[in-house]
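Raw contents of query_20.cif, mmCIF, C-alpha atoms and all ligand atoms:
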data_coords
loop_
_atom_site.group_PDB
_atom_site.id
_atom_site.type_symbol
_atom_site.label_atom_id
_atom_site.label_comp_id
_atom_site.auth_asym_id
_atom_site.auth_seq_id
_atom_site.Cartn_x
_atom_site.Cartn_y
_atom_site.Cartn_z
ATOM 1 C CA MET V 240 104.391 153.201 47.440
ATOM 2 C CA SER V 241 104.189 149.955 45.541
ATOM 3 C CA ALA V 242 102.191 147.146 47.168
ATOM 4 C CA ARG V 243 105.315 145.035 46.833
ATOM 5 C CA THR V 244 107.117 147.031 49.504
ATOM 6 C CA THR V 245 106.851 145.179 52.802
ATOM 7 C CA ILE V 246 107.997 146.240 56.260
ATOM 8 C CA THR V 247 108.995 143.488 58.656
ATOM 9 C CA GLN V 248 110.437 143.451 62.140
ATOM 10 C CA VAL V 249 113.585 141.362 62.171
ATOM 11 C CA GLY V 250 116.335 140.406 64.611
ATOM 12 C CA PHE V 251 119.891 141.650 64.971
ATOM 13 C CA GLU V 252 121.127 138.790 62.765
ATOM 14 C CA SER V 253 119.799 140.786 59.771
ATOM 15 C CA ILE V 254 121.793 143.908 60.647
ATOM 16 C CA ASP V 255 124.326 143.642 57.812
ATOM 17 C CA VAL V 256 121.516 143.946 55.268
ATOM 18 C CA VAL V 257 121.157 147.611 56.221
ATOM 19 C CA ALA V 258 124.829 148.569 55.699
ATOM 20 C CA PRO V 259 124.203 150.320 52.320
ATOM 21 C CA LEU V 260 121.210 152.162 53.806
ATOM 22 C CA TRP V 261 123.323 153.403 56.703
ATOM 23 C CA GLU V 262 125.998 154.500 54.208
ATOM 24 C CA ALA V 263 123.282 156.364 52.245
ATOM 25 C CA LEU V 264 122.329 158.163 55.459
ATOM 26 C CA PHE V 265 126.018 158.977 56.063
ATOM 27 C CA ASP V 266 126.202 160.362 52.469
ATOM 28 C CA HIS V 267 123.114 162.454 53.128
ATOM 29 C CA HIS V 268 124.596 163.890 56.333
ATOM 30 C CA ARG V 269 127.812 164.666 54.472
ATOM 31 C CA SER V 270 125.855 166.311 51.618
ATOM 32 C CA ILE V 271 124.129 168.692 54.024
ATOM 33 C CA GLY V 272 127.496 169.713 55.505
ATOM 34 C CA ALA V 273 127.548 167.411 58.578
ATOM 35 C CA ALA V 274 126.627 170.397 60.763
ATOM 36 C CA GLY V 275 129.980 171.966 59.903
ATOM 37 C CA PHE V 276 132.109 169.228 61.517
ATOM 38 C CA ALA V 277 134.784 167.080 59.838
ATOM 39 C CA VAL V 278 133.564 163.583 58.938
ATOM 40 C CA ILE V 279 135.389 160.250 58.988
ATOM 41 C CA PRO V 280 136.222 158.359 55.777
ATOM 42 C CA ARG V 281 133.115 156.632 54.360
ATOM 43 C CA GLU V 282 134.755 153.184 54.456
ATOM 44 C CA ARG V 283 134.947 153.366 58.274
ATOM 45 C CA THR V 284 131.400 154.401 59.033
ATOM 46 C CA TRP V 285 129.539 151.076 58.835
ATOM 47 C CA ALA V 286 131.909 149.180 61.159
ATOM 48 C CA LEU V 287 131.485 151.894 63.796
ATOM 49 C CA ARG V 288 127.703 152.061 63.372
ATOM 50 C CA ARG V 289 127.489 148.268 63.499
ATOM 51 C CA ALA V 290 129.397 148.278 66.795
ATOM 52 C CA HIS V 291 126.920 150.875 68.070
ATOM 53 C CA TYR V 292 123.942 148.695 67.054
ATOM 54 C CA GLU V 293 125.602 145.741 68.757
ATOM 55 C CA ARG V 294 125.722 147.763 71.991
ATOM 56 C CA VAL V 295 122.101 148.861 71.494
ATOM 57 C CA PHE V 296 120.885 145.296 70.960
ATOM 58 C CA ALA V 297 122.948 143.978 73.876
ATOM 59 C CA GLY V 298 122.251 146.735 76.371
ATOM 60 C CA GLU V 299 119.049 148.671 75.642
ATOM 61 C CA ALA V 300 115.489 147.637 76.434
ATOM 62 C CA ASN V 301 113.267 146.375 73.622
ATOM 63 C CA PRO V 302 115.577 147.063 70.694
ATOM 64 C CA THR V 303 113.704 146.783 67.399
ATOM 65 C CA LEU V 304 114.822 146.701 63.781
ATOM 66 C CA TRP V 305 112.363 147.117 60.920
ATOM 67 C CA ILE V 306 113.471 146.526 57.343
ATOM 68 C CA ALA V 307 111.463 147.636 54.295
ATOM 69 C CA ARG V 308 112.007 145.495 51.232
ATOM 70 C CA ARG V 309 110.930 145.861 47.640
ATOM 71 C CA GLU V 310 111.045 142.329 46.302
ATOM 72 C CA SER V 311 114.220 141.110 48.008
ATOM 73 C CA THR V 312 116.069 144.439 48.134
ATOM 74 C CA ALA V 313 116.237 146.375 51.413
ATOM 75 C CA ILE V 314 115.177 149.960 50.632
ATOM 76 C CA GLY V 315 114.619 151.379 54.112
ATOM 77 C CA TYR V 316 115.037 150.652 57.799
ATOM 78 C CA ALA V 317 114.387 151.963 61.270
ATOM 79 C CA VAL V 318 115.855 151.125 64.682
ATOM 80 C CA ALA V 319 114.244 151.961 68.029
ATOM 81 C CA PHE V 320 114.663 151.140 71.717
ATOM 82 C CA ASP V 321 113.113 152.096 75.061
ATOM 83 C CA GLU V 322 114.662 154.993 76.971
ATOM 84 C CA PHE V 323 113.658 157.476 79.644
ATOM 85 C CA VAL V 324 112.777 160.681 77.812
ATOM 86 C CA ALA V 325 112.386 163.934 79.704
ATOM 87 C CA GLY V 326 111.678 161.985 82.888
ATOM 88 C CA SER V 327 109.025 159.739 81.354
ATOM 89 C CA GLU V 328 109.026 156.246 79.922
ATOM 90 C CA GLY V 329 109.798 156.677 76.287
ATOM 91 C CA ARG V 330 111.019 155.198 73.081
ATOM 92 C CA MET V 331 113.852 156.456 70.952
ATOM 93 C CA LEU V 332 113.724 156.321 67.170
ATOM 94 C CA GLU V 333 117.438 155.729 66.760
ATOM 95 C CA THR V 334 117.706 155.565 62.964
ATOM 96 C CA LEU V 335 115.425 156.174 59.983
ATOM 97 C CA SER V 336 116.828 155.787 56.501
ATOM 98 C CA VAL V 337 115.327 155.266 53.048
ATOM 99 C CA ALA V 338 117.379 154.450 49.930
ATOM 100 C CA PRO V 339 117.947 157.582 47.803
ATOM 101 C CA ASP V 340 115.876 156.362 44.838
ATOM 102 C CA ALA V 341 112.942 155.405 47.096
ATOM 103 C CA ARG V 342 112.722 158.706 48.991
ATOM 104 C CA GLY V 343 109.729 161.023 48.815
ATOM 105 C CA SER V 344 107.117 158.347 48.101
ATOM 106 C CA GLY V 345 105.826 157.561 51.567
ATOM 107 C CA LEU V 346 108.177 154.846 52.838
ATOM 108 C CA GLY V 347 109.743 156.962 55.592
ATOM 109 C CA THR V 348 106.232 157.810 56.814
ATOM 110 C CA ARG V 349 105.322 154.106 56.791
ATOM 111 C CA LEU V 350 108.423 153.194 58.804
ATOM 112 C CA MET V 351 107.562 155.941 61.291
ATOM 113 C CA ALA V 352 104.029 154.525 61.518
ATOM 114 C CA ALA V 353 105.502 151.140 62.532
ATOM 115 C CA PHE V 354 107.403 152.902 65.327
ATOM 116 C CA ASP V 355 104.437 155.112 66.276
ATOM 117 C CA GLY V 356 101.914 152.280 66.455
ATOM 118 C CA GLU V 357 103.885 150.682 69.258
ATOM 119 C CA VAL V 358 104.654 153.981 71.013
ATOM 120 C CA ARG V 359 100.974 154.941 71.143
ATOM 121 C CA ARG V 360 99.797 151.468 72.146
ATOM 122 C CA ARG V 361 102.217 151.499 75.093
ATOM 123 C CA GLY V 362 101.534 155.164 75.954
ATOM 124 C CA LEU V 363 105.191 156.182 75.628
ATOM 125 C CA VAL V 364 106.882 159.505 74.920
ATOM 126 C CA ALA V 365 108.660 159.384 71.543
ATOM 127 C CA ALA V 366 112.069 160.935 70.873
ATOM 128 C CA LEU V 367 114.607 161.203 68.081
ATOM 129 C CA ASP V 368 117.736 163.178 67.219
ATOM 130 C CA VAL V 369 118.101 165.054 63.958
ATOM 131 C CA MET V 370 121.363 166.542 62.667
ATOM 132 C CA SER V 371 121.483 170.325 62.621
ATOM 133 C CA GLY V 372 120.761 171.413 59.055
ATOM 134 C CA ASN V 373 118.755 168.286 58.114
ATOM 135 C CA ASP V 374 115.765 170.518 57.472
ATOM 136 C CA ARG V 375 113.688 168.159 55.310
ATOM 137 C CA ALA V 376 113.855 165.381 57.876
ATOM 138 C CA LYS V 377 113.042 167.907 60.604
ATOM 139 C CA SER V 378 109.970 169.129 58.719
ATOM 140 C CA LEU V 379 108.771 165.526 58.412
ATOM 141 C CA TYR V 380 109.120 165.088 62.190
ATOM 142 C CA LEU V 381 107.356 168.381 62.909
ATOM 143 C CA ARG V 382 104.466 167.209 60.742
ATOM 144 C CA GLN V 383 104.375 163.994 62.793
ATOM 145 C CA GLY V 384 103.878 166.004 65.978
ATOM 146 C CA PHE V 385 107.454 166.094 67.315
ATOM 147 C CA GLU V 386 108.676 169.297 68.945
ATOM 148 C CA PRO V 387 112.190 170.619 69.636
ATOM 149 C CA HIS V 388 113.184 169.544 73.150
ATOM 150 C CA SER V 389 116.944 169.974 73.543
ATOM 151 C CA GLU V 390 120.059 170.845 71.597
ATOM 152 C CA ILE V 391 123.411 169.132 71.498
ATOM 153 C CA TRP V 392 126.411 171.357 70.856
ATOM 154 C CA MET V 393 129.822 169.905 70.108
ATOM 155 C CA ARG V 394 133.484 170.746 69.915
ATOM 156 C CA SER V 395 135.704 168.138 68.312
ATOM 157 C CA ARG V 396 139.169 169.519 68.185
ATOM 158 C CA PRO V 397 142.108 167.106 68.441
ATOM 159 C CA ALA V 398 144.365 167.820 71.395
ATOM 160 C CA ALA V 399 147.858 168.994 70.469
ATOM 161 C CA GLY V 400 149.577 166.628 72.920
ATOM 162 C CA LYS V 401 148.788 163.013 73.689
ATOM 163 C CA GLY V 402 146.243 163.929 76.286
ATOM 164 C CA THR V 403 147.839 161.765 78.923
ATOM 165 C CA GLU V 404 147.447 164.287 81.699
ATOM 166 C CA GLN V 405 145.598 162.968 84.748
ATOM 167 C CA ALA V 406 142.081 164.227 85.236
ATOM 168 C CA PRO V 407 142.321 166.962 87.879
ATOM 169 C CA ALA V 408 140.817 165.968 91.180
ATOM 170 C CA SER V 409 138.601 168.983 90.744
ATOM 171 C CA LEU V 410 136.935 167.691 87.540
ATOM 172 C CA SER V 411 133.976 166.104 89.289
ATOM 173 C CA GLU V 412 133.785 169.155 91.543
ATOM 174 C CA LEU V 413 133.732 171.481 88.536
ATOM 175 C CA VAL V 414 131.088 169.358 86.865
ATOM 176 C CA ALA V 415 128.918 169.483 89.977
ATOM 177 C CA GLN V 416 129.548 173.207 90.487
ATOM 178 C CA ALA V 417 128.441 173.873 86.917
ATOM 179 C CA GLY V 418 125.215 171.948 87.569
ATOM 180 C CA LEU V 419 126.167 169.396 84.922
ATOM 181 C CA GLN V 420 125.977 165.646 84.586
ATOM 182 C CA LEU V 421 128.956 164.034 82.881
ATOM 183 C CA THR V 422 128.745 160.818 80.891
ATOM 184 C CA ILE V 423 131.587 159.331 78.893
ATOM 185 C CA VAL V 424 130.318 157.394 75.877
ATOM 186 C CA PRO V 425 132.367 155.038 73.729
ATOM 187 C CA GLY V 426 133.700 156.474 70.474
ATOM 188 C CA PRO V 427 134.928 157.069 67.946
ATOM 189 C CA ASP V 428 131.766 158.535 66.448
ATOM 190 C CA ASP V 429 130.423 156.864 63.288
ATOM 191 C CA THR V 430 130.052 160.137 61.385
ATOM 192 C CA TRP V 431 132.213 162.868 62.867
ATOM 193 C CA GLN V 432 135.938 162.816 63.552
ATOM 194 C CA SER V 433 136.122 162.357 67.291
ATOM 195 C CA SER V 434 138.181 161.189 70.217
ATOM 196 C CA ASP V 435 137.914 157.558 71.324
ATOM 197 C CA ARG V 436 135.935 158.612 74.377
ATOM 198 C CA ILE V 437 133.258 161.272 73.956
ATOM 199 C CA ALA V 438 132.336 163.445 76.917
ATOM 200 C CA VAL V 439 128.670 164.372 77.174
ATOM 201 C CA LEU V 440 127.816 167.177 79.578
ATOM 202 C CA ILE V 441 124.121 167.574 80.309
ATOM 203 C CA THR V 442 122.735 170.771 81.720
ATOM 204 C CA SER V 443 119.138 171.515 82.571
ATOM 205 C CA ALA V 444 119.664 174.989 84.093
ATOM 206 C CA ILE V 445 121.619 177.229 81.766
ATOM 207 C CA GLU V 446 120.551 180.645 82.901
ATOM 208 C CA ALA V 447 122.823 181.001 85.911
ATOM 209 C CA GLY V 448 125.894 183.002 84.811
ATOM 210 C CA SER V 449 128.109 181.498 87.517
ATOM 211 C CA ASN V 450 127.693 178.053 85.932
ATOM 212 C CA GLN V 451 129.302 179.191 82.720
ATOM 213 C CA LEU V 452 132.787 179.595 84.103
ATOM 214 C CA ALA V 453 132.727 176.186 85.804
ATOM 215 C CA THR V 454 131.363 174.651 82.574
ATOM 216 C CA LEU V 455 134.221 176.089 80.520
ATOM 217 C CA GLU V 456 136.766 174.959 83.110
ATOM 218 C CA ALA V 457 135.306 171.435 83.070
ATOM 219 C CA ILE V 458 135.527 171.454 79.253
ATOM 220 C CA ASP V 459 139.195 172.490 79.397
ATOM 221 C CA ALA V 460 139.949 169.757 81.931
ATOM 222 C CA LEU V 461 138.295 167.131 79.696
ATOM 223 C CA GLN V 462 140.259 168.362 76.696
ATOM 224 C CA ARG V 463 143.508 168.079 78.662
ATOM 225 C CA VAL V 464 142.895 164.403 79.457
ATOM 226 C CA GLY V 465 142.400 163.570 75.776
ATOM 227 C CA CYS V 466 138.599 163.674 75.668
ATOM 228 C CA TRP V 467 138.745 166.121 72.783
ATOM 229 C CA THR V 468 135.218 165.539 71.580
ATOM 230 C CA ILE V 469 132.847 167.195 73.999
ATOM 231 C CA GLN V 470 129.094 167.501 73.635
ATOM 232 C CA VAL V 471 126.916 169.786 75.721
ATOM 233 C CA VAL V 472 123.216 168.965 75.948
ATOM 234 C CA MET V 473 120.927 171.851 76.862
ATOM 235 C CA PRO V 474 117.278 172.807 76.619
ATOM 236 C CA ALA V 475 116.117 173.983 73.177
ATOM 237 C CA SER V 476 116.532 177.662 72.342
ATOM 238 C CA PRO V 477 115.688 180.440 72.984
ATOM 239 C CA SER V 478 116.768 179.804 76.590
ATOM 240 C CA GLY V 479 120.372 180.407 77.673
ATOM 241 C CA VAL V 480 121.421 183.025 75.126
ATOM 242 C CA SER V 481 124.606 184.026 76.944
ATOM 243 C CA PHE V 482 125.501 180.352 77.636
ATOM 244 C CA ARG V 483 125.242 179.667 73.904
ATOM 245 C CA MET V 484 127.427 182.695 73.162
ATOM 246 C CA SER V 485 130.132 181.502 75.543
ATOM 247 C CA LEU V 486 130.046 178.011 74.015
ATOM 248 C CA ARG V 487 130.358 179.496 70.531
ATOM 249 C CA ALA V 488 133.317 181.593 71.664
ATOM 250 C CA ALA V 489 134.923 178.369 72.973
ATOM 251 C CA GLY V 490 134.575 176.726 69.535
ATOM 252 C CA PHE V 491 131.288 174.827 69.992
ATOM 253 C CA ALA V 492 128.474 174.650 67.443
ATOM 254 C CA PRO V 493 125.098 172.847 67.342
ATOM 255 C CA CYS V 494 125.339 169.308 65.967
ATOM 256 C CA LEU V 495 122.051 167.608 66.837
ATOM 257 C CA GLU V 496 118.571 168.514 67.943
ATOM 258 C CA ARG V 497 116.466 166.213 70.085
ATOM 259 C CA MET V 498 112.779 166.215 69.215
ATOM 260 C CA VAL V 499 110.118 164.792 71.491
ATOM 261 C CA ARG V 500 106.423 163.936 71.147
ATOM 262 C CA ARG V 501 104.416 163.467 74.312
HETATM 263 C C1 LIG G 601 114.013 161.344 55.947
HETATM 264 C C2 LIG G 601 113.565 160.080 55.202
HETATM 265 C C3 LIG G 601 113.761 158.860 56.084
HETATM 266 C C4 LIG G 601 112.083 160.229 54.904
HETATM 267 O O1 LIG G 601 111.680 159.087 54.160
HETATM 268 P P1 LIG G 601 110.871 159.308 52.775
HETATM 269 O O2 LIG G 601 110.405 157.975 52.313
HETATM 270 O O3 LIG G 601 111.697 160.106 51.851
HETATM 271 O O4 LIG G 601 109.679 160.180 53.358
HETATM 272 P P2 LIG G 601 108.166 160.227 52.856
HETATM 273 O O5 LIG G 601 108.083 159.996 51.379
HETATM 274 O O6 LIG G 601 107.362 159.353 53.728
HETATM 275 O O7 LIG G 601 107.847 161.709 53.234
HETATM 276 C C5 LIG G 601 108.448 162.702 52.461
HETATM 277 C C6 LIG G 601 108.856 163.770 53.395
HETATM 278 O O8 LIG G 601 110.083 163.398 53.998
HETATM 279 C C7 LIG G 601 110.886 164.521 54.081
HETATM 280 N N1 LIG G 601 112.186 164.271 53.489
HETATM 281 C C8 LIG G 601 113.293 164.414 54.229
HETATM 282 N N2 LIG G 601 114.364 164.169 53.504
HETATM 283 C C9 LIG G 601 113.942 163.859 52.250
HETATM 284 C C10 LIG G 601 114.619 163.522 51.047
HETATM 285 N N3 LIG G 601 115.961 163.457 51.005
HETATM 286 N N4 LIG G 601 113.881 163.259 49.931
HETATM 287 C C11 LIG G 601 112.548 163.315 49.993
HETATM 288 N N5 LIG G 601 111.847 163.627 51.123
HETATM 289 C C12 LIG G 601 112.543 163.904 52.244
HETATM 290 C C13 LIG G 601 110.212 165.665 53.412
HETATM 291 O O9 LIG G 601 109.671 166.460 54.448
HETATM 292 C C14 LIG G 601 109.153 165.037 52.627
HETATM 293 O O10 LIG G 601 108.024 165.823 52.616
HETATM 294 P P3 LIG G 601 107.723 166.710 51.320
HETATM 295 O O11 LIG G 601 107.590 165.737 50.204
HETATM 296 O O12 LIG G 601 106.474 167.409 51.703
HETATM 297 O O13 LIG G 601 108.917 167.617 51.182
HETATM 298 C C15 LIG G 601 114.340 159.854 53.876
HETATM 299 O O14 LIG G 601 114.062 160.917 52.990
HETATM 300 C C16 LIG G 601 115.829 159.743 54.061
HETATM 301 O O15 LIG G 601 116.350 158.644 54.271
HETATM 302 N N6 LIG G 601 116.506 160.874 53.948
HETATM 303 C C17 LIG G 601 117.957 160.917 54.081
HETATM 304 C C18 LIG G 601 118.417 160.436 55.434
HETATM 305 C C19 LIG G 601 117.759 161.176 56.588
HETATM 306 O O16 LIG G 601 117.692 162.394 56.594
HETATM 307 N N7 LIG G 601 117.286 160.398 57.570
HETATM 308 C C20 LIG G 601 116.731 160.966 58.782
HETATM 309 C C21 LIG G 601 117.818 161.144 59.768
HETATM 310 S S1 LIG G 601 117.226 161.915 61.233
#
Could you show the structure in this file as structure tokens?
Amino acid sequence: MSARTTITQVGFESIDVVAPLWEALFDHHRSIGAAGFAVIPRERTWALRRAHYERVFAGEANPTLWIARRESTAIGYAVAFDEFVAGSEGRMLETLSVAPDARGSGLGTRLMAAFDGEVRRRGLVAALDVMSGNDRAKSLYLRQGFEPHSEIWMRSRPAAGKGTEQAPASLSELVAQAGLQLTIVPGPDDTWQSSDRIAVLITSAIEAGSNQLATLEAIDALQRVGCWTIQVVMPASPSGVSFRMSLRAAGFAPCLERMVRR
């Protein structure tokens, strides 16, 4: 990497500088098949991602933006914030992107080192999400000591009707019965076609067969109220083989993998 490439930590006011680098990351995700899910039009992605960064910088602890510049051109960036990871104090590497013509010459590793330096100094657990099928990025993370921790499976299938049905009173009961935690996150997603509200169901115990039925019923209830993008977070394989099979049969597929380094 040329000595003229500098990495600096900057504030949110510089966020628009990274728009083309985010779009390059979007292009990369699209080129690897976007985990098999339909993507939004490219011209919409930056506005949605920018809104996400706005929420991160307004609501998360210690949000950080690093920008790598060669001369005055931004050629890479990373975003991170503090988050509880697997029950410990941790730090999430939210985005890592290098311009296409600067890839493969050490800049991504240098940006990760900026993130890592702080993580190690503060004794934090590090985490990141990688899209299913982004094998080169995953191999970089494995080399940096990250290990698969959990998987996120998704179904994003527009509801036929308007989805105005009331949530059944039993939804929270079903969610509890299934041993799940339900979080509704703001959408639409900045990469995949999704509903305006995205339901995230988190399960930590996926072996119990009785949970599967309640999980599928909770998914159906969410779909009926217009939450047609549903993500299920579960421990990394090989656990829960039959749970995975029932999700597949219901139209789910893996979309992201969370990797963690303790
Ligand atoms: C992943 C990425 C940030 C790594 O930055 P980089 O500057 O290319 O990485 P480095 O030069 O420090 O390290 C190279 C390693 O990165 C990995 N890599 C991942 N995607 C790559 C790509 N598209 N081109 C080159 N290397 C890539 C490879 O494992 C490579 O190791 P190798 O040369 O032994 O195959 C960058 O390639 C990129 O922006 N890729 C597209 C977007 C992306 O996948 N971002 C991560 C989302 S989780």
For region 458-487 of chain V against region 410-413 of chain V, with a cut-off of 12 Å and counting only C-alpha atoms, what is the closest atom pair and its distance in Å to one decimal for every residue that makes the cut, ordered by chain and number, as CSV?
residue,atom,partner,partner_atom,distance
V:Ile458,CA,V:Leu410,CA,9.2
V:Asp459,CA,V:Leu410,CA,9.7
V:Ala460,CA,V:Leu410,CA,6.7
V:Leu461,CA,V:Leu410,CA,8.0
V:Gln462,CA,V:Leu410,CA,11.4
V:Arg463,CA,V:Leu410,CA,11.1
V:Val464,CA,V:Leu410,CA,10.6
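Taking CA of Arg436 (chain V) and CA of Gln470 (chain V) as endpoints, the distance between them is 11.2 Å.
What separates CA of Val337 (chain V) from CA of Gly250 (chain V) is a distance of 18.9 Å.
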**OP:** Could the residues that lie within 8 Å of ligand LIG 601 (chain G), counting only C-alpha atoms and all ligand atoms, be listed as a ChimeraX atom specification?
**Re:** /V:263-265,267-268,315,334-339,341-349,367-370,373-380
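With all atoms listed in the file as the atoms that count, the residue of V:Gln451, V:Ala489, V:Ala457, V:Glu299 with the shortest distance to Met393 (chain V) is V:Ala489.
You can rank V:Ala492, V:Met331, V:Ile441, V:Ala313 by their closest distance to Arg396 (chain V) using all atoms listed in the file, and at the top of that list sits V:Ala492.
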Find the smallest box with edges along x, y and z containing every listed atom of region 451-460 of chain V, then add 4 Å on each side and report centre and edge lengths in Å to one decimal, as AutoDock Vina command-line options.
--center_x 134.6 --center_y 174.7 --center_z 82.5 --size_x 18.6 --size_y 17.8 --size_z 14.6
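Distance check against Ala277 (chain V) using only C-alpha atoms: of V:Ile254, V:Val439, V:Cys494, V:Ala366, the minimum falls on V:Cys494.
Proximity of V:Thr468, V:Ser270, V:Gln420, V:Ser485 to Ser433 (chain V), computed with all atoms listed in the file, is greatest for V:Thr468.
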**OP:** Determine, counting all atoms listed in the file, which protein, DNA and RNA residues have an atom within 8 Å of an atom of Ala300 (chain V); residues of the same chain fewer than 3 positions away are not included. Present the result as a count of residues only.
**Re:** 3
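CA of Arg269 (chain V) sits 23.3 Å away from CA of Ile306 (chain V).
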**OP:** List the residues matched by the PyMOL selection byres (((chain V and resi 419) around 10) and not hetatm) in the displayed structure as a list in words, ordered by chain and then by residue number.
**Re:** Ser411, Leu413, Val414, Ala415, Gln416, Ala417, Gly418, Gln420, Leu421, Thr422, Val439, Leu440, Ile441, Thr442, Ser443, Ala444, Ile445, Asn450, Ala453, Thr454, Ala457, Val471, Val472 and Met473 of chain V
**OP:** Evaluate the PyMOL selection byres (((chain V and resi 493) around 8) and not hetatm) here and jot the selected residues down as a PyMOL selection string.
**Re:** chain V and resi 274+371+390-393+491-492+494-496
Original post:
Quick one: residues within 9 Å of Ala319 (chain V), all atoms listed in the file counted, chain neighbours fewer than 6 positions away excluded, as an MDAnalysis selection string?
Top reply: chainID V and resid 301:305 330:334 354
**OP:** Enumerate, as an NGL selection string, the residues matched when the PyMOL selection byres (((chain V and resi 282-284) around 10) and not hetatm) is run on the file above.
**Re:** :V and (258 or 261-262 or 265 or 278-281 or 285-289 or 427-431)
If you keep N, CA, C and O atoms, can you output region 364-375 of chain V as a tab-separated table (two decimals), in the first residue's frame?
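Wrote part_12.tsv, looks like this:
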chain	number	residue	atom	x	y	z
V	364	VAL	N	-14.91	-8.03	23.08
V	364	VAL	CA	-15.17	-9.09	22.10
V	364	VAL	C	-15.49	-8.37	20.78
V	364	VAL	O	-16.19	-7.36	20.79
V	365	ALA	N	-14.96	-8.89	19.67
V	365	ALA	CA	-15.22	-8.25	18.37
V	365	ALA	C	-16.23	-9.07	17.58
V	365	ALA	O	-16.22	-10.30	17.66
V	366	ALA	N	-17.09	-8.39	16.84
V	366	ALA	CA	-18.10	-9.10	16.04
V	366	ALA	C	-18.31	-8.40	14.71
V	366	ALA	O	-18.04	-7.20	14.57
V	367	LEU	N	-18.76	-9.16	13.74
V	367	LEU	CA	-19.13	-8.59	12.44
V	367	LEU	C	-20.08	-9.56	11.75
V	367	LEU	O	-20.15	-10.73	12.10
V	368	ASP	N	-20.82	-9.05	10.78
V	368	ASP	CA	-21.72	-9.88	9.97
V	368	ASP	C	-21.19	-9.93	8.55
V	368	ASP	O	-20.82	-8.89	8.00
V	369	VAL	N	-21.20	-11.13	7.97
V	369	VAL	CA	-20.77	-11.26	6.58
V	369	VAL	C	-21.89	-11.93	5.80
V	369	VAL	O	-22.55	-12.84	6.31
V	370	MET	N	-22.13	-11.44	4.56
V	370	MET	CA	-23.23	-12.00	3.77
V	370	MET	C	-22.90	-13.43	3.36
V	370	MET	O	-21.75	-13.73	2.99
V	371	SER	N	-23.90	-14.30	3.41
V	371	SER	CA	-23.69	-15.67	2.98
V	371	SER	C	-23.20	-15.65	1.53
V	371	SER	O	-23.78	-14.96	0.69
V	372	GLY	N	-22.11	-16.37	1.29
V	372	GLY	CA	-21.56	-16.42	-0.07
V	372	GLY	C	-20.43	-15.43	-0.29
V	372	GLY	O	-19.77	-15.47	-1.33
V	373	ASN	N	-20.17	-14.54	0.68
V	373	ASN	CA	-19.04	-13.60	0.53
V	373	ASN	C	-17.79	-14.29	1.06
V	373	ASN	O	-17.23	-13.94	2.10
V	374	ASP	N	-17.33	-15.30	0.30
V	374	ASP	CA	-16.32	-16.21	0.83
V	374	ASP	C	-14.94	-15.57	0.99
V	374	ASP	O	-14.22	-15.91	1.91
V	375	ARG	N	-14.60	-14.63	0.10
V	375	ARG	CA	-13.27	-14.00	0.24
V	375	ARG	C	-13.22	-13.13	1.49
V	375	ARG	O	-12.23	-13.15	2.22
